[in-house]
$ cat entry_17.txt   # compact mmCIF, N, CA and C atoms and all ligand atoms
# COMPACT_ATOMS: atom_id res chain seq x y z
N MET A 1 104.26 67.18 104.07
CA MET A 1 103.99 68.36 103.24
C MET A 1 102.50 68.66 103.25
N ILE A 2 102.20 69.88 103.03
CA ILE A 2 100.82 70.34 103.13
C ILE A 2 99.93 69.66 102.08
N ASP A 3 98.73 69.34 102.49
CA ASP A 3 97.78 68.71 101.58
C ASP A 3 96.76 69.75 101.13
N LEU A 4 96.94 70.23 99.91
CA LEU A 4 96.08 71.30 99.42
C LEU A 4 94.62 70.87 99.30
N ARG A 5 94.40 69.56 99.23
CA ARG A 5 93.01 69.11 99.12
C ARG A 5 92.19 69.49 100.33
N GLU A 6 92.89 69.65 101.45
CA GLU A 6 92.19 70.05 102.66
C GLU A 6 92.09 71.56 102.77
N LEU A 7 92.58 72.25 101.81
CA LEU A 7 92.66 73.70 101.90
C LEU A 7 91.99 74.40 100.72
N TYR A 8 90.81 73.98 100.39
CA TYR A 8 90.13 74.63 99.27
C TYR A 8 91.07 74.67 98.06
N GLN A 9 91.58 73.52 97.74
CA GLN A 9 92.57 73.38 96.69
C GLN A 9 92.33 74.24 95.46
N GLU A 10 91.11 74.21 94.95
CA GLU A 10 90.87 74.87 93.67
C GLU A 10 91.13 76.37 93.71
N VAL A 11 90.66 77.03 94.76
CA VAL A 11 90.84 78.47 94.84
C VAL A 11 92.32 78.82 94.97
N ILE A 12 93.01 78.09 95.83
CA ILE A 12 94.43 78.39 96.04
C ILE A 12 95.24 78.11 94.78
N ILE A 13 94.97 77.00 94.14
CA ILE A 13 95.70 76.66 92.91
C ILE A 13 95.39 77.67 91.81
N ASP A 14 94.15 78.09 91.71
CA ASP A 14 93.78 79.09 90.70
C ASP A 14 94.53 80.40 90.93
N HIS A 15 94.57 80.86 92.17
CA HIS A 15 95.26 82.12 92.46
C HIS A 15 96.77 81.98 92.29
N ASN A 16 97.28 80.77 92.52
CA ASN A 16 98.71 80.55 92.32
C ASN A 16 99.06 80.56 90.83
N ARG A 17 98.23 79.92 90.03
CA ARG A 17 98.50 79.86 88.58
C ARG A 17 98.22 81.18 87.88
N ASN A 18 97.19 81.86 88.35
CA ASN A 18 96.79 83.12 87.72
C ASN A 18 96.68 84.21 88.78
N PRO A 19 97.82 84.60 89.35
CA PRO A 19 97.75 85.58 90.43
C PRO A 19 97.15 86.91 89.95
N ARG A 20 96.25 87.46 90.75
CA ARG A 20 95.61 88.73 90.42
C ARG A 20 96.55 89.88 90.79
N ASN A 21 96.46 90.93 90.00
CA ASN A 21 97.26 92.14 90.28
C ASN A 21 98.75 91.81 90.41
N PHE A 22 99.22 90.99 89.49
CA PHE A 22 100.63 90.58 89.48
C PHE A 22 101.39 91.44 88.48
N TYR A 23 101.87 92.59 88.95
CA TYR A 23 102.64 93.50 88.10
C TYR A 23 103.39 94.50 88.98
N ALA A 24 104.44 95.05 88.43
CA ALA A 24 105.20 96.08 89.13
C ALA A 24 104.52 97.42 88.87
N MET A 25 104.04 98.05 89.92
CA MET A 25 103.30 99.31 89.78
C MET A 25 104.26 100.47 89.59
N LYS A 26 104.02 101.25 88.57
CA LYS A 26 104.94 102.36 88.26
C LYS A 26 104.76 103.55 89.22
N ASP A 27 103.54 103.80 89.64
CA ASP A 27 103.28 104.99 90.45
C ASP A 27 102.89 104.63 91.89
N ALA A 28 103.52 103.58 92.41
CA ALA A 28 103.23 103.17 93.79
C ALA A 28 103.68 104.26 94.76
N THR A 29 102.95 104.41 95.86
CA THR A 29 103.36 105.35 96.90
C THR A 29 104.28 104.68 97.91
N ALA A 30 104.28 103.33 97.92
CA ALA A 30 105.21 102.59 98.77
C ALA A 30 105.49 101.24 98.12
N THR A 31 106.74 100.82 98.18
CA THR A 31 107.15 99.53 97.63
C THR A 31 108.00 98.84 98.69
N VAL A 32 107.62 97.63 99.06
CA VAL A 32 108.36 96.92 100.11
C VAL A 32 108.60 95.48 99.67
N GLN A 33 109.79 94.98 99.97
CA GLN A 33 110.12 93.60 99.63
C GLN A 33 109.95 92.71 100.85
N GLY A 34 109.45 91.51 100.60
CA GLY A 34 109.28 90.54 101.67
C GLY A 34 109.99 89.25 101.34
N HIS A 35 110.52 88.60 102.38
CA HIS A 35 111.28 87.38 102.17
C HIS A 35 110.98 86.40 103.30
N ASN A 36 110.66 85.19 102.94
CA ASN A 36 110.44 84.15 103.94
C ASN A 36 111.50 83.07 103.74
N PRO A 37 112.63 83.20 104.45
CA PRO A 37 113.76 82.28 104.23
C PRO A 37 113.42 80.83 104.54
N LEU A 38 112.45 80.60 105.40
CA LEU A 38 112.11 79.22 105.75
C LEU A 38 111.66 78.42 104.54
N CYS A 39 110.98 79.10 103.62
CA CYS A 39 110.42 78.42 102.45
C CYS A 39 111.08 78.88 101.16
N GLY A 40 111.67 80.10 101.20
CA GLY A 40 112.25 80.65 99.99
C GLY A 40 111.32 81.59 99.23
N ASP A 41 110.19 81.94 99.84
CA ASP A 41 109.26 82.86 99.18
C ASP A 41 109.84 84.26 99.18
N LYS A 42 109.76 84.91 98.01
CA LYS A 42 110.23 86.29 97.89
C LYS A 42 109.21 87.07 97.09
N LEU A 43 108.82 88.21 97.59
CA LEU A 43 107.91 89.03 96.79
C LEU A 43 108.10 90.52 97.08
N THR A 44 107.61 91.32 96.16
CA THR A 44 107.62 92.76 96.30
C THR A 44 106.17 93.22 96.24
N VAL A 45 105.76 93.98 97.23
CA VAL A 45 104.38 94.49 97.28
C VAL A 45 104.40 95.98 96.94
N TYR A 46 103.52 96.37 96.05
CA TYR A 46 103.37 97.77 95.63
C TYR A 46 102.04 98.29 96.15
N LEU A 47 102.09 99.46 96.76
CA LEU A 47 100.89 100.05 97.35
C LEU A 47 100.70 101.45 96.79
N LYS A 48 99.47 101.75 96.42
CA LYS A 48 99.14 103.13 96.05
C LYS A 48 98.04 103.62 96.97
N LEU A 49 98.39 104.58 97.80
CA LEU A 49 97.43 105.20 98.72
C LEU A 49 96.97 106.52 98.13
N VAL A 50 95.67 106.74 98.13
CA VAL A 50 95.11 108.00 97.68
C VAL A 50 94.10 108.44 98.74
N ASP A 51 94.30 109.63 99.29
CA ASP A 51 93.40 110.14 100.33
C ASP A 51 93.20 109.14 101.47
N GLU A 52 94.29 108.58 101.97
CA GLU A 52 94.23 107.67 103.12
C GLU A 52 93.48 106.38 102.84
N SER A 53 93.30 106.07 101.56
CA SER A 53 92.65 104.81 101.21
C SER A 53 93.53 104.03 100.23
N VAL A 54 93.37 102.71 100.26
CA VAL A 54 94.13 101.85 99.38
C VAL A 54 93.49 101.90 97.99
N SER A 55 94.17 102.57 97.09
CA SER A 55 93.65 102.69 95.74
C SER A 55 94.00 101.46 94.92
N GLU A 56 95.17 100.92 95.18
CA GLU A 56 95.65 99.80 94.37
C GLU A 56 96.75 99.05 95.13
N VAL A 57 96.74 97.72 95.02
CA VAL A 57 97.82 96.91 95.57
C VAL A 57 98.21 95.90 94.50
N SER A 58 99.50 95.74 94.28
CA SER A 58 99.95 94.70 93.34
C SER A 58 101.19 94.05 93.91
N PHE A 59 101.62 92.96 93.28
CA PHE A 59 102.83 92.30 93.75
C PHE A 59 103.49 91.56 92.61
N VAL A 60 104.78 91.29 92.78
CA VAL A 60 105.51 90.39 91.90
C VAL A 60 106.38 89.53 92.80
N GLY A 61 106.81 88.39 92.30
CA GLY A 61 107.70 87.56 93.09
C GLY A 61 107.48 86.09 92.82
N ARG A 62 108.24 85.29 93.55
CA ARG A 62 108.16 83.85 93.40
C ARG A 62 108.04 83.20 94.76
N GLY A 63 107.32 82.10 94.78
CA GLY A 63 107.22 81.39 96.04
C GLY A 63 106.28 80.21 95.89
N CYS A 64 105.99 79.59 97.01
CA CYS A 64 105.11 78.42 96.99
C CYS A 64 103.67 78.85 96.71
N ALA A 65 102.82 77.87 96.47
CA ALA A 65 101.42 78.14 96.12
C ALA A 65 100.71 78.94 97.20
N ILE A 66 101.00 78.63 98.46
CA ILE A 66 100.32 79.33 99.56
C ILE A 66 100.70 80.81 99.58
N SER A 67 101.98 81.09 99.41
CA SER A 67 102.42 82.49 99.47
C SER A 67 101.87 83.29 98.29
N GLN A 68 101.86 82.68 97.13
CA GLN A 68 101.37 83.38 95.94
C GLN A 68 99.86 83.60 96.01
N ALA A 69 99.14 82.56 96.41
CA ALA A 69 97.68 82.67 96.48
C ALA A 69 97.27 83.69 97.54
N SER A 70 97.97 83.69 98.67
CA SER A 70 97.64 84.62 99.74
C SER A 70 97.89 86.06 99.29
N ALA A 71 98.99 86.28 98.59
CA ALA A 71 99.31 87.62 98.08
C ALA A 71 98.25 88.06 97.07
N SER A 72 97.87 87.14 96.19
CA SER A 72 96.87 87.45 95.18
C SER A 72 95.53 87.82 95.80
N LEU A 73 95.09 87.02 96.76
CA LEU A 73 93.82 87.30 97.45
C LEU A 73 93.90 88.63 98.19
N MET A 74 95.06 88.90 98.78
CA MET A 74 95.23 90.14 99.53
C MET A 74 95.07 91.36 98.63
N THR A 75 95.64 91.31 97.43
CA THR A 75 95.53 92.47 96.54
C THR A 75 94.08 92.74 96.17
N GLU A 76 93.27 91.69 96.15
CA GLU A 76 91.85 91.87 95.82
C GLU A 76 91.07 92.47 96.98
N VAL A 77 91.27 91.92 98.18
CA VAL A 77 90.43 92.37 99.30
C VAL A 77 90.87 93.73 99.85
N MET A 78 92.13 94.13 99.63
CA MET A 78 92.60 95.39 100.21
C MET A 78 92.19 96.61 99.39
N ARG A 79 91.86 96.41 98.15
CA ARG A 79 91.51 97.56 97.30
C ARG A 79 90.28 98.29 97.87
N GLY A 80 90.41 99.58 98.02
CA GLY A 80 89.28 100.38 98.50
C GLY A 80 89.21 100.53 100.02
N LYS A 81 90.07 99.80 100.74
CA LYS A 81 90.05 99.90 102.20
C LYS A 81 90.70 101.22 102.65
N THR A 82 90.19 101.76 103.75
CA THR A 82 90.87 102.90 104.36
C THR A 82 92.10 102.36 105.09
N LEU A 83 93.00 103.26 105.47
CA LEU A 83 94.19 102.84 106.22
C LEU A 83 93.79 102.06 107.47
N ALA A 84 92.81 102.56 108.21
CA ALA A 84 92.37 101.90 109.45
C ALA A 84 91.80 100.52 109.14
N GLU A 85 91.00 100.43 108.11
CA GLU A 85 90.41 99.13 107.73
C GLU A 85 91.50 98.15 107.29
N ALA A 86 92.49 98.65 106.58
CA ALA A 86 93.57 97.79 106.10
C ALA A 86 94.38 97.23 107.27
N HIS A 87 94.68 98.09 108.25
CA HIS A 87 95.41 97.62 109.44
C HIS A 87 94.58 96.59 110.21
N ALA A 88 93.28 96.86 110.34
CA ALA A 88 92.40 95.96 111.09
C ALA A 88 92.29 94.61 110.38
N LEU A 89 92.20 94.63 109.06
CA LEU A 89 92.10 93.38 108.32
C LEU A 89 93.39 92.57 108.43
N PHE A 90 94.54 93.26 108.41
CA PHE A 90 95.82 92.57 108.61
C PHE A 90 95.81 91.85 109.96
N LYS A 91 95.34 92.54 110.99
CA LYS A 91 95.32 91.93 112.33
C LYS A 91 94.40 90.72 112.37
N ARG A 92 93.22 90.85 111.76
CA ARG A 92 92.27 89.73 111.79
C ARG A 92 92.82 88.54 110.99
N PHE A 93 93.49 88.83 109.87
CA PHE A 93 94.05 87.76 109.06
C PHE A 93 95.15 87.04 109.84
N HIS A 94 96.00 87.83 110.49
CA HIS A 94 97.08 87.26 111.28
C HIS A 94 96.51 86.40 112.41
N CYS A 95 95.48 86.90 113.07
CA CYS A 95 94.82 86.14 114.16
C CYS A 95 94.20 84.85 113.63
N MET A 96 93.62 84.92 112.44
CA MET A 96 92.97 83.74 111.87
C MET A 96 93.97 82.59 111.72
N LEU A 97 95.23 82.93 111.48
CA LEU A 97 96.24 81.90 111.24
C LEU A 97 97.07 81.56 112.47
N THR A 98 96.95 82.35 113.53
CA THR A 98 97.84 82.11 114.67
C THR A 98 97.14 81.96 116.01
N ASP A 99 95.93 82.50 116.15
CA ASP A 99 95.26 82.48 117.45
C ASP A 99 94.25 81.36 117.58
N GLU A 100 94.08 80.91 118.79
CA GLU A 100 93.04 79.91 119.06
C GLU A 100 91.67 80.54 118.90
N GLN A 101 91.53 81.73 119.46
CA GLN A 101 90.24 82.40 119.39
C GLN A 101 90.34 83.52 118.38
N THR A 102 89.55 83.43 117.35
CA THR A 102 89.62 84.44 116.32
C THR A 102 88.28 85.12 116.13
N SER A 103 88.36 86.39 115.84
CA SER A 103 87.15 87.10 115.47
C SER A 103 86.92 86.83 113.98
N PRO A 104 85.67 86.93 113.52
CA PRO A 104 85.40 86.63 112.12
C PRO A 104 86.26 87.49 111.20
N ILE A 105 86.76 86.86 110.15
CA ILE A 105 87.66 87.56 109.24
C ILE A 105 86.95 88.67 108.48
N GLY A 106 85.67 88.46 108.21
CA GLY A 106 84.91 89.52 107.55
C GLY A 106 85.07 89.59 106.05
N GLU A 107 85.89 88.73 105.49
CA GLU A 107 86.09 88.68 104.03
C GLU A 107 86.00 87.21 103.64
N GLU A 108 84.89 86.85 103.03
CA GLU A 108 84.64 85.45 102.68
C GLU A 108 85.81 84.79 101.95
N LYS A 109 86.36 85.52 100.99
CA LYS A 109 87.43 84.98 100.15
C LYS A 109 88.62 84.45 100.94
N LEU A 110 88.89 85.11 102.07
CA LEU A 110 90.10 84.77 102.82
C LEU A 110 89.95 83.49 103.61
N LYS A 111 88.72 83.01 103.74
CA LYS A 111 88.51 81.79 104.53
C LYS A 111 89.20 80.58 103.92
N VAL A 112 89.50 80.64 102.62
CA VAL A 112 90.19 79.51 101.99
C VAL A 112 91.57 79.29 102.60
N LEU A 113 92.10 80.34 103.25
CA LEU A 113 93.44 80.22 103.83
C LEU A 113 93.43 79.85 105.32
N ALA A 114 92.24 79.78 105.90
CA ALA A 114 92.15 79.50 107.34
C ALA A 114 92.79 78.16 107.70
N GLY A 115 92.69 77.18 106.79
CA GLY A 115 93.22 75.85 107.05
C GLY A 115 94.73 75.79 107.20
N VAL A 116 95.41 76.84 106.74
CA VAL A 116 96.88 76.88 106.83
C VAL A 116 97.33 76.83 108.29
N LYS A 117 96.45 77.30 109.18
CA LYS A 117 96.76 77.31 110.61
C LYS A 117 97.18 75.93 111.12
N ALA A 118 96.66 74.89 110.50
CA ALA A 118 96.98 73.52 110.92
C ALA A 118 98.41 73.13 110.52
N TYR A 119 99.06 73.97 109.73
CA TYR A 119 100.42 73.68 109.25
C TYR A 119 101.33 74.84 109.64
N PRO A 120 101.79 74.85 110.91
CA PRO A 120 102.54 76.02 111.41
C PRO A 120 103.70 76.44 110.53
N ALA A 121 104.36 75.50 109.89
CA ALA A 121 105.51 75.85 109.05
C ALA A 121 105.08 76.69 107.85
N ARG A 122 103.80 76.61 107.49
CA ARG A 122 103.32 77.35 106.32
C ARG A 122 102.64 78.66 106.65
N VAL A 123 102.47 78.94 107.95
CA VAL A 123 101.81 80.19 108.32
C VAL A 123 102.61 81.39 107.81
N LYS A 124 103.95 81.28 107.86
CA LYS A 124 104.78 82.38 107.38
C LYS A 124 104.62 82.58 105.87
N CYS A 125 104.35 81.51 105.16
CA CYS A 125 104.10 81.61 103.72
C CYS A 125 102.84 82.45 103.48
N ALA A 126 101.79 82.13 104.25
CA ALA A 126 100.49 82.77 104.04
C ALA A 126 100.49 84.23 104.51
N THR A 127 101.33 84.54 105.51
CA THR A 127 101.29 85.89 106.06
C THR A 127 102.38 86.80 105.47
N LEU A 128 103.27 86.26 104.65
CA LEU A 128 104.39 87.06 104.12
C LEU A 128 103.91 88.33 103.41
N ALA A 129 103.01 88.16 102.44
CA ALA A 129 102.53 89.33 101.69
C ALA A 129 101.86 90.34 102.60
N TRP A 130 101.20 89.82 103.63
CA TRP A 130 100.45 90.69 104.54
C TRP A 130 101.39 91.51 105.42
N HIS A 131 102.43 90.85 105.94
CA HIS A 131 103.42 91.60 106.72
C HIS A 131 104.09 92.65 105.84
N THR A 132 104.32 92.30 104.60
CA THR A 132 104.99 93.21 103.68
C THR A 132 104.10 94.43 103.40
N LEU A 133 102.82 94.17 103.18
CA LEU A 133 101.89 95.28 102.95
C LEU A 133 101.76 96.14 104.20
N GLU A 134 101.70 95.50 105.36
CA GLU A 134 101.58 96.25 106.62
C GLU A 134 102.76 97.22 106.75
N SER A 135 103.93 96.73 106.39
CA SER A 135 105.12 97.58 106.43
C SER A 135 104.99 98.75 105.45
N ALA A 136 104.44 98.47 104.27
CA ALA A 136 104.23 99.53 103.28
C ALA A 136 103.20 100.56 103.80
N LEU A 137 102.17 100.08 104.46
CA LEU A 137 101.14 100.97 105.01
C LEU A 137 101.75 101.86 106.09
N ASN A 138 102.61 101.29 106.92
CA ASN A 138 103.24 102.06 107.98
C ASN A 138 104.21 103.09 107.45
N LYS A 139 104.91 102.70 106.39
CA LYS A 139 105.86 103.61 105.76
C LYS A 139 105.13 104.85 105.25
N GLU A 140 104.00 104.59 104.60
CA GLU A 140 103.20 105.67 104.05
C GLU A 140 102.63 106.53 105.19
N ALA A 141 102.18 105.86 106.24
CA ALA A 141 101.60 106.59 107.36
C ALA A 141 102.64 107.51 107.98
N ALA A 142 103.89 107.05 108.05
CA ALA A 142 104.95 107.86 108.62
C ALA A 142 105.16 109.13 107.78
N ILE A 143 105.05 108.99 106.49
CA ILE A 143 105.21 110.16 105.63
C ILE A 143 104.06 111.14 105.85
N VAL A 144 102.85 110.58 105.90
CA VAL A 144 101.67 111.42 106.07
C VAL A 144 101.73 112.20 107.38
N SER A 145 102.22 111.56 108.45
CA SER A 145 102.21 112.19 109.76
C SER A 145 103.16 113.37 109.86
N THR A 146 104.14 113.46 108.97
CA THR A 146 105.10 114.56 109.04
C THR A 146 104.58 115.81 108.31
N GLU A 147 103.49 115.66 107.59
CA GLU A 147 102.98 116.80 106.82
C GLU A 147 102.08 117.71 107.67
ZN ZN B 201 106.12 79.25 101.13
$ encode --input "entry_17.txt" --output "C-alpha cells" --more "lines below"
Ligand code: ZN
Amino acid sequence: MIDLRELYQEVIIDHNRNPRNFYAMKDATATVQGHNPLCGDKLTVYLKLVDESVSEVSFVGRGCAISQASASLMTEVMRGKTLAEAHALFKRFHCMLTDEQTSPIGEEKLKVLAGVKAYPARVKCATLAWHTLESALNKEAAIVSTE
C-alpha cells in the first residue's frame, strides 16, 4: 500500500480531511461524474465557465486520500485559467504522473502529487478528478462551438 510519508504526507492529508471547494455548485455550466472502479473513488466535478475562463470549480464525492486531495488541489489551481490554459495544465499533470520525461508542471502546489507516479495503481486515483474536469471542459467547448 502507498506510503504517504513519501508523498508530502501533510499536504495530502490536509486536503483529504479538509477538501477545498467541496460543494455541489448550483449554477455550474457543466457537471460530470467520475468513477475509478479500481479503487472505488467516485466524484462529481462542477465547472463554471465565464467568458472562456474557469470561474469556479468544485467537487463532491468519496474516495481515497489521493483522489480527494488531488481533486481539492485541482479546484484551487484551475480557478481563473482560460480554457486553453486548463487543457494545457491537464496535459502537464497527466504527463507528470505517467511520462518518463515531463515538462515542468508550472504549479508548485501540484508537485506534492508527483510521487504518485511511483505507485502505478494509484495514478488513476490522482488523475480521476482531472479526467472528469477535462470532460466537463470539452462538453462546454462543444456547446460554445455551436454558437
Ligand atoms: Zn483511490
$ axis_aligned_box --input "entry_17.txt" --around "range 20-28 of chain A" --padding-each-side "5 Å" --output "JSON"
{"center_x": 100.4, "center_y": 96.2, "center_z": 91.4, "size_x": 19.6, "size_y": 27.5, "size_z": 16.7}
$ residues_around --input "entry_17.txt" --residues "range 25-39 of chain A" --least-positions-apart "2" --cutoff "6 Å" --atoms "only N, CA and C atoms" --output "ChimeraX atom specification"
/A:23,41-49,132,136
$ write_last_selection --input "entry_17.txt" --atoms "N, CA and C atoms" --output "tab-separated table (two decimals), keeping the file's coordinate frame"
chain	number	residue	atom	x	y	z
A	23	TYR	N	101.87	92.59	88.95
A	23	TYR	CA	102.64	93.50	88.10
A	23	TYR	C	103.39	94.50	88.98
A	41	ASP	N	110.19	81.94	99.84
A	41	ASP	CA	109.26	82.86	99.18
A	41	ASP	C	109.84	84.26	99.18
A	42	LYS	N	109.76	84.91	98.01
A	42	LYS	CA	110.23	86.29	97.89
A	42	LYS	C	109.21	87.07	97.09
A	43	LEU	N	108.82	88.21	97.59
A	43	LEU	CA	107.91	89.03	96.79
A	43	LEU	C	108.10	90.52	97.08
A	44	THR	N	107.61	91.32	96.16
A	44	THR	CA	107.62	92.76	96.30
A	44	THR	C	106.17	93.22	96.24
A	45	VAL	N	105.76	93.98	97.23
A	45	VAL	CA	104.38	94.49	97.28
A	45	VAL	C	104.40	95.98	96.94
A	46	TYR	N	103.52	96.37	96.05
A	46	TYR	CA	103.37	97.77	95.63
A	46	TYR	C	102.04	98.29	96.15
A	47	LEU	N	102.09	99.46	96.76
A	47	LEU	CA	100.89	100.05	97.35
A	47	LEU	C	100.70	101.45	96.79
A	48	LYS	N	99.47	101.75	96.42
A	48	LYS	CA	99.14	103.13	96.05
A	48	LYS	C	98.04	103.62	96.97
A	49	LEU	N	98.39	104.58	97.80
A	49	LEU	CA	97.43	105.20	98.72
A	49	LEU	C	96.97	106.52	98.13
A	132	THR	N	104.32	92.30	104.60
A	132	THR	CA	104.99	93.21	103.68
A	132	THR	C	104.10	94.43	103.40
A	136	ALA	N	104.44	98.47	104.27
A	136	ALA	CA	104.23	99.53	103.28
A	136	ALA	C	103.20	100.56	103.80
$ select_by_dssp --input "entry_17.txt" --residues "chain A" --states "strand (DSSP E)" --output "ChimeraX atom specification"
/A:30-36,41-50,53-62
$ closest_residue --input "entry_17.txt" --among "A:Ala71, A:Leu110, A:Ala65, A:Leu83" --to "Asp14 in chain A" --atoms "only C-alpha atoms"
A:Ala65
$ residues_near_ligand --input "entry_17.txt" --ligand "ligand ZN 201 (chain B)" --cutoff "7 Å" --atoms "only C-alpha atoms and all ligand atoms" --output "list in words"
Cys39, Gly40, Asp41, Gly63, Cys64, Ala65, Ile66, Ser67, Arg122 and Cys125 of chain A
$ residues_around --input "entry_17.txt" --residues "Arg17 in chain A" --least-positions-apart "6" --cutoff "8 Å" --atoms "only N, CA and C atoms" --output "list in words"
Val11, Ala65, Gln68 and Ala69 of chain A
$ residues_around --input "entry_17.txt" --residues "Phe22 in chain A" --least-positions-apart "3" --cutoff "6.5 Å" --atoms "all atoms listed in the file" --output "JSON, numbers by chain"
{"A": [19, 58, 59, 60]}
$ atom_distance --input "entry_17.txt" --atom1 "CA of Lys109 in chain A" --atom2 "CA of Ser53 in chain A"
20.5 Å
$ residues_around --input "entry_17.txt" --residues "Lys111 in chain A" --least-positions-apart "2" --cutoff "12 Å" --atoms "only C-alpha atoms" --output "PyMOL selection string"
chain A and resi 7-8+11-12+70+73-74+77+92-93+96-97+104-109+113-117
$ closest_residue --input "entry_17.txt" --among "A:Met78, A:Asp99, A:Ser72, A:Lys91" --to "Asn21 in chain A" --atoms "all atoms listed in the file"
A:Ser72
$ select_by_dssp --input "entry_17.txt" --residues "chain A" --states "helix (DSSP H, G or I)" --output "ChimeraX atom specification"
/A:4-6,9-17,65-78,83-98,108-118,120-145
$ atom_distance --input "entry_17.txt" --atom1 "CA of Thr102 in chain A" --atom2 "CA of Glu76 in chain A"
21.9 Å
$ closest_residue --input "entry_17.txt" --among "A:Arg62, A:Ala86, A:Val50, A:Asn18" --to "Leu133 in chain A" --atoms "only C-alpha atoms"
A:Ala86
$ atom_distance --input "entry_17.txt" --atom1 "atom N of Ala88 in chain A" --atom2 "CA of Pro120 in chain A"
22.8 Å
$ closest_residue --input "entry_17.txt" --among "A:Val123, A:Ala118, A:Ala24, A:Leu89" --to "Glu56 in chain A" --atoms "only C-alpha atoms"
A:Ala24
$ closest_residue --input "entry_17.txt" --among "A:Ser103, A:Thr98, A:Gln9, A:Asn16" --to "Thr127 in chain A" --atoms "only C-alpha atoms"
A:Thr98
$ residues_near_point --input "entry_17.txt" --point "(91.5, 98.9, 97.7)" --cutoff "5 Å" --atoms "only N, CA and C atoms" --output "list in words"
Val54, Ser55, Glu56, Met78, Arg79, Gly80 and Lys81 of chain A
